[in-house]
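Below you'll find the structure, written out as structure tokens, and then a few comments.
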Amino acid sequence: MSLGRRVVSALLFLSVGLPLVQGFVGRLGFPHRAVRSGSRLFADVSLNEDDYVAVGYAVCFKINSETNKPEEFPIIEPIPSAMLECLDKGVPTSYKRVGGFRLGDVLLGDPTEATGVNMDFLKSHLDKEAEPVEAAENFIERATAAARTFRRRVEAQILDLNEVADDFNFSVEKKRLLNTVYEPSFDDNVKQHASIDVYGRDGESGDHENEVERLANV
């Protein structure tokens, strides 16, 4: 195909084919957002500033490396719909209070390209003690993921916008530790292997020896 025909074909696609593709996607009911990447032709299904998200003030703990004792370390973090529904049923939780907010009030900038967390807004609603508190790790990604869960389960939006509840079953009896990594010991591995023994053995060495002797004398 000559260069001239290639240019004509490309122009025809841009003027006729691309609008048809966009119109087809529009009829499927997907919201459109301008995509800067030239390699992506289809519309992107995106969140917006008015999407609902729940955020909680959690009393967590960190192990002091010097004293090896847990110290209180509160954080503010997004909560998905399933978790909020569980809290509403009275399960024990490290969340001291939880609020329902617009995603645009929680994040800085466009939710699809957020540049940070609006901690001033969140502290003013959640941090009643005015104590030092930090945003949870990967807050932006977790906030957008949580907002999508509330899109799917609108009935889980049990808190009105900017409403903060503090009547959940708050408890720190089982401390939520943030900076610990569990490393199983040799004994733990032995116990685990015994617990999944498909032959139903109870892990007693005497029983094993008796079984081996019985089989040897068959």
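Labels for the structure tokens follow display order: chains A, B, ..., residues from 1 in each chain, ligands from 1.
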I need the residues in segment 67-103 of chain A that are alpha helix (DSSP H) according to DSSP; give them as an MDAnalysis selection string. chainID A and resid 81:88 103
Fewer than 6 positions away in the same chain doesn't count, so skip those; otherwise give me all residues within 9 Å of segment 96-104 of chain A, counting only C-alpha atoms, as JSON, numbers by chain. {"A": [47, 48, 49, 50, 51, 52, 53, 54, 55, 56, 57, 58, 59, 79, 84, 110, 111, 122, 125, 126, 127, 143, 144, 147, 157, 158, 159, 160, 161, 162, 163, 164, 165, 166, 167, 168, 169, 170, 171]}
Each residue of segment 90-147 of chain A with at least one atom at most 9 Å from segment 69-77 of chain A should appear once, together with its nearest atom pair and the corresponding distance in Å (one decimal); atoms considered: only C-alpha atoms; ordering: chain, then increasing residue number; output as JSON lines.
```
{"residue": "A:Met119", "atom": "CA", "partner": "A:Ile76", "partner_atom": "CA", "distance": 8.7}
{"residue": "A:Leu122", "atom": "CA", "partner": "A:Ile76", "partner_atom": "CA", "distance": 7.9}
{"residue": "A:Lys123", "atom": "CA", "partner": "A:Ile76", "partner_atom": "CA", "distance": 8.5}
{"residue": "A:Leu126", "atom": "CA", "partner": "A:Ile76", "partner_atom": "CA", "distance": 8.2}
{"residue": "A:Asp127", "atom": "CA", "partner": "A:Ile76", "partner_atom": "CA", "distance": 8.8}
{"residue": "A:Glu131", "atom": "CA", "partner": "A:Pro74", "partner_atom": "CA", "distance": 8.5}
{"residue": "A:Pro132", "atom": "CA", "partner": "A:Pro74", "partner_atom": "CA", "distance": 7.6}
{"residue": "A:Val133", "atom": "CA", "partner": "A:Ile75", "partner_atom": "CA", "distance": 5.3}
{"residue": "A:Glu134", "atom": "CA", "partner": "A:Ile75", "partner_atom": "CA", "distance": 4.9}
{"residue": "A:Ala135", "atom": "CA", "partner": "A:Ile76", "partner_atom": "CA", "distance": 4.9}
{"residue": "A:Ala136", "atom": "CA", "partner": "A:Glu77", "partner_atom": "CA", "distance": 5.2}
{"residue": "A:Glu137", "atom": "CA", "partner": "A:Glu77", "partner_atom": "CA", "distance": 8.2}
{"residue": "A:Phe139", "atom": "CA", "partner": "A:Glu77", "partner_atom": "CA", "distance": 6.5}
{"residue": "A:Arg142", "atom": "CA", "partner": "A:Glu77", "partner_atom": "CA", "distance": 8.1}
{"residue": "A:Ala143", "atom": "CA", "partner": "A:Glu77", "partner_atom": "CA", "distance": 7.9}
```
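Reported to one decimal place, the separation of atom CA of Glu141 of chain A from atom CA of Thr115 of chain A is 11.2 Å.
Put simply, atom CA of Lys62 of chain A is 22.2 Å away from atom CA of Ile140 of chain A.
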If you run DSSP on the backbone, which residues of segment 57-146 of chain A are strand (DSSP E or B), as a compact mmCIF listing (two decimals) with N, CA and C atoms, in the first residue's frame?
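The result, written out as out_31.txt:
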```
# COMPACT_ATOMS: atom_id res chain seq x y z
N TYR A 57 -10.29 6.25 62.83
CA TYR A 57 -9.18 6.57 63.73
C TYR A 57 -8.92 5.31 64.55
N ALA A 58 -7.79 4.66 64.30
CA ALA A 58 -7.49 3.38 64.94
C ALA A 58 -6.36 3.54 65.95
N VAL A 59 -6.56 2.97 67.12
CA VAL A 59 -5.52 2.97 68.15
C VAL A 59 -4.69 1.70 67.98
N CYS A 60 -3.52 1.88 67.40
CA CYS A 60 -2.62 0.75 67.15
C CYS A 60 -1.41 0.86 68.08
N PHE A 61 -0.49 -0.08 67.94
CA PHE A 61 0.70 -0.09 68.78
C PHE A 61 1.92 -0.46 67.95
N LYS A 62 3.07 0.03 68.41
CA LYS A 62 4.35 -0.35 67.83
C LYS A 62 5.27 -0.81 68.96
N ILE A 63 6.11 -1.78 68.64
CA ILE A 63 7.06 -2.28 69.63
C ILE A 63 8.27 -1.34 69.69
N PRO A 70 5.14 -2.61 73.81
CA PRO A 70 4.25 -1.91 72.87
C PRO A 70 3.93 -0.50 73.33
N GLU A 71 3.95 0.42 72.39
CA GLU A 71 3.59 1.81 72.67
C GLU A 71 2.47 2.23 71.73
N GLU A 72 1.56 3.03 72.26
CA GLU A 72 0.39 3.45 71.48
C GLU A 72 0.82 4.25 70.26
N PHE A 73 0.21 3.94 69.11
CA PHE A 73 0.56 4.60 67.85
C PHE A 73 -0.72 4.73 67.00
N PRO A 74 -1.50 5.79 67.20
CA PRO A 74 -2.76 5.94 66.45
C PRO A 74 -2.52 6.27 64.99
N ILE A 75 -3.39 5.75 64.15
CA ILE A 75 -3.33 6.04 62.71
C ILE A 75 -4.73 6.35 62.20
N ILE A 76 -4.78 6.99 61.06
CA ILE A 76 -6.03 7.24 60.36
C ILE A 76 -5.97 6.48 59.05
N GLU A 77 -7.00 5.66 58.79
CA GLU A 77 -6.94 4.81 57.61
C GLU A 77 -8.33 4.59 57.00
N PRO A 78 -8.37 4.34 55.69
CA PRO A 78 -9.65 4.05 55.01
C PRO A 78 -10.22 2.71 55.45
N ILE A 79 -11.54 2.60 55.38
CA ILE A 79 -12.23 1.38 55.79
C ILE A 79 -13.15 0.93 54.65
N THR A 93 -13.09 -3.83 68.01
CA THR A 93 -12.30 -3.14 66.99
C THR A 93 -11.32 -2.16 67.61
N TYR A 95 -10.82 0.62 66.14
CA TYR A 95 -11.27 1.93 65.68
C TYR A 95 -12.00 2.67 66.79
N LYS A 96 -11.47 3.81 67.18
CA LYS A 96 -12.09 4.61 68.23
C LYS A 96 -13.26 5.41 67.68
N ARG A 97 -13.14 5.85 66.45
CA ARG A 97 -14.24 6.55 65.78
C ARG A 97 -14.07 6.42 64.27
N VAL A 98 -15.20 6.51 63.58
CA VAL A 98 -15.21 6.35 62.12
C VAL A 98 -16.12 7.42 61.53
N GLY A 99 -15.72 7.96 60.39
CA GLY A 99 -16.51 8.97 59.71
C GLY A 99 -16.77 8.60 58.26
N GLY A 100 -17.86 9.13 57.71
CA GLY A 100 -18.17 8.97 56.30
C GLY A 100 -17.91 10.28 55.57
N PHE A 101 -17.13 10.23 54.51
CA PHE A 101 -16.70 11.47 53.85
C PHE A 101 -16.74 11.34 52.33
N ARG A 102 -16.65 12.49 51.67
CA ARG A 102 -16.45 12.53 50.23
C ARG A 102 -14.99 12.21 49.96
N LEU A 107 -8.81 13.19 50.00
CA LEU A 107 -7.58 13.22 49.21
C LEU A 107 -7.33 14.60 48.65
N LEU A 108 -6.07 14.88 48.37
CA LEU A 108 -5.69 16.15 47.75
C LEU A 108 -5.59 15.96 46.25
N GLY A 116 -1.84 13.55 47.62
CA GLY A 116 -1.61 13.42 49.05
C GLY A 116 -2.90 13.20 49.82
N VAL A 117 -2.77 13.20 51.14
CA VAL A 117 -3.90 12.98 52.04
C VAL A 117 -4.22 14.28 52.75
N GLU A 134 -0.89 9.64 62.43
CA GLU A 134 -0.35 9.56 61.08
C GLU A 134 -1.34 8.86 60.15
N ALA A 135 -1.19 9.14 58.87
CA ALA A 135 -1.98 8.43 57.86
C ALA A 135 -1.39 7.04 57.68
```
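You will find atom CA of Lys174 of chain A at 20.8 Å from atom CA of Ala82 of chain A.
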Pick from A:Val106, A:Asn179, A:Lys128, A:Phe150 nearest to Ser81 of chain A, counting only C-alpha atoms: A:Phe150
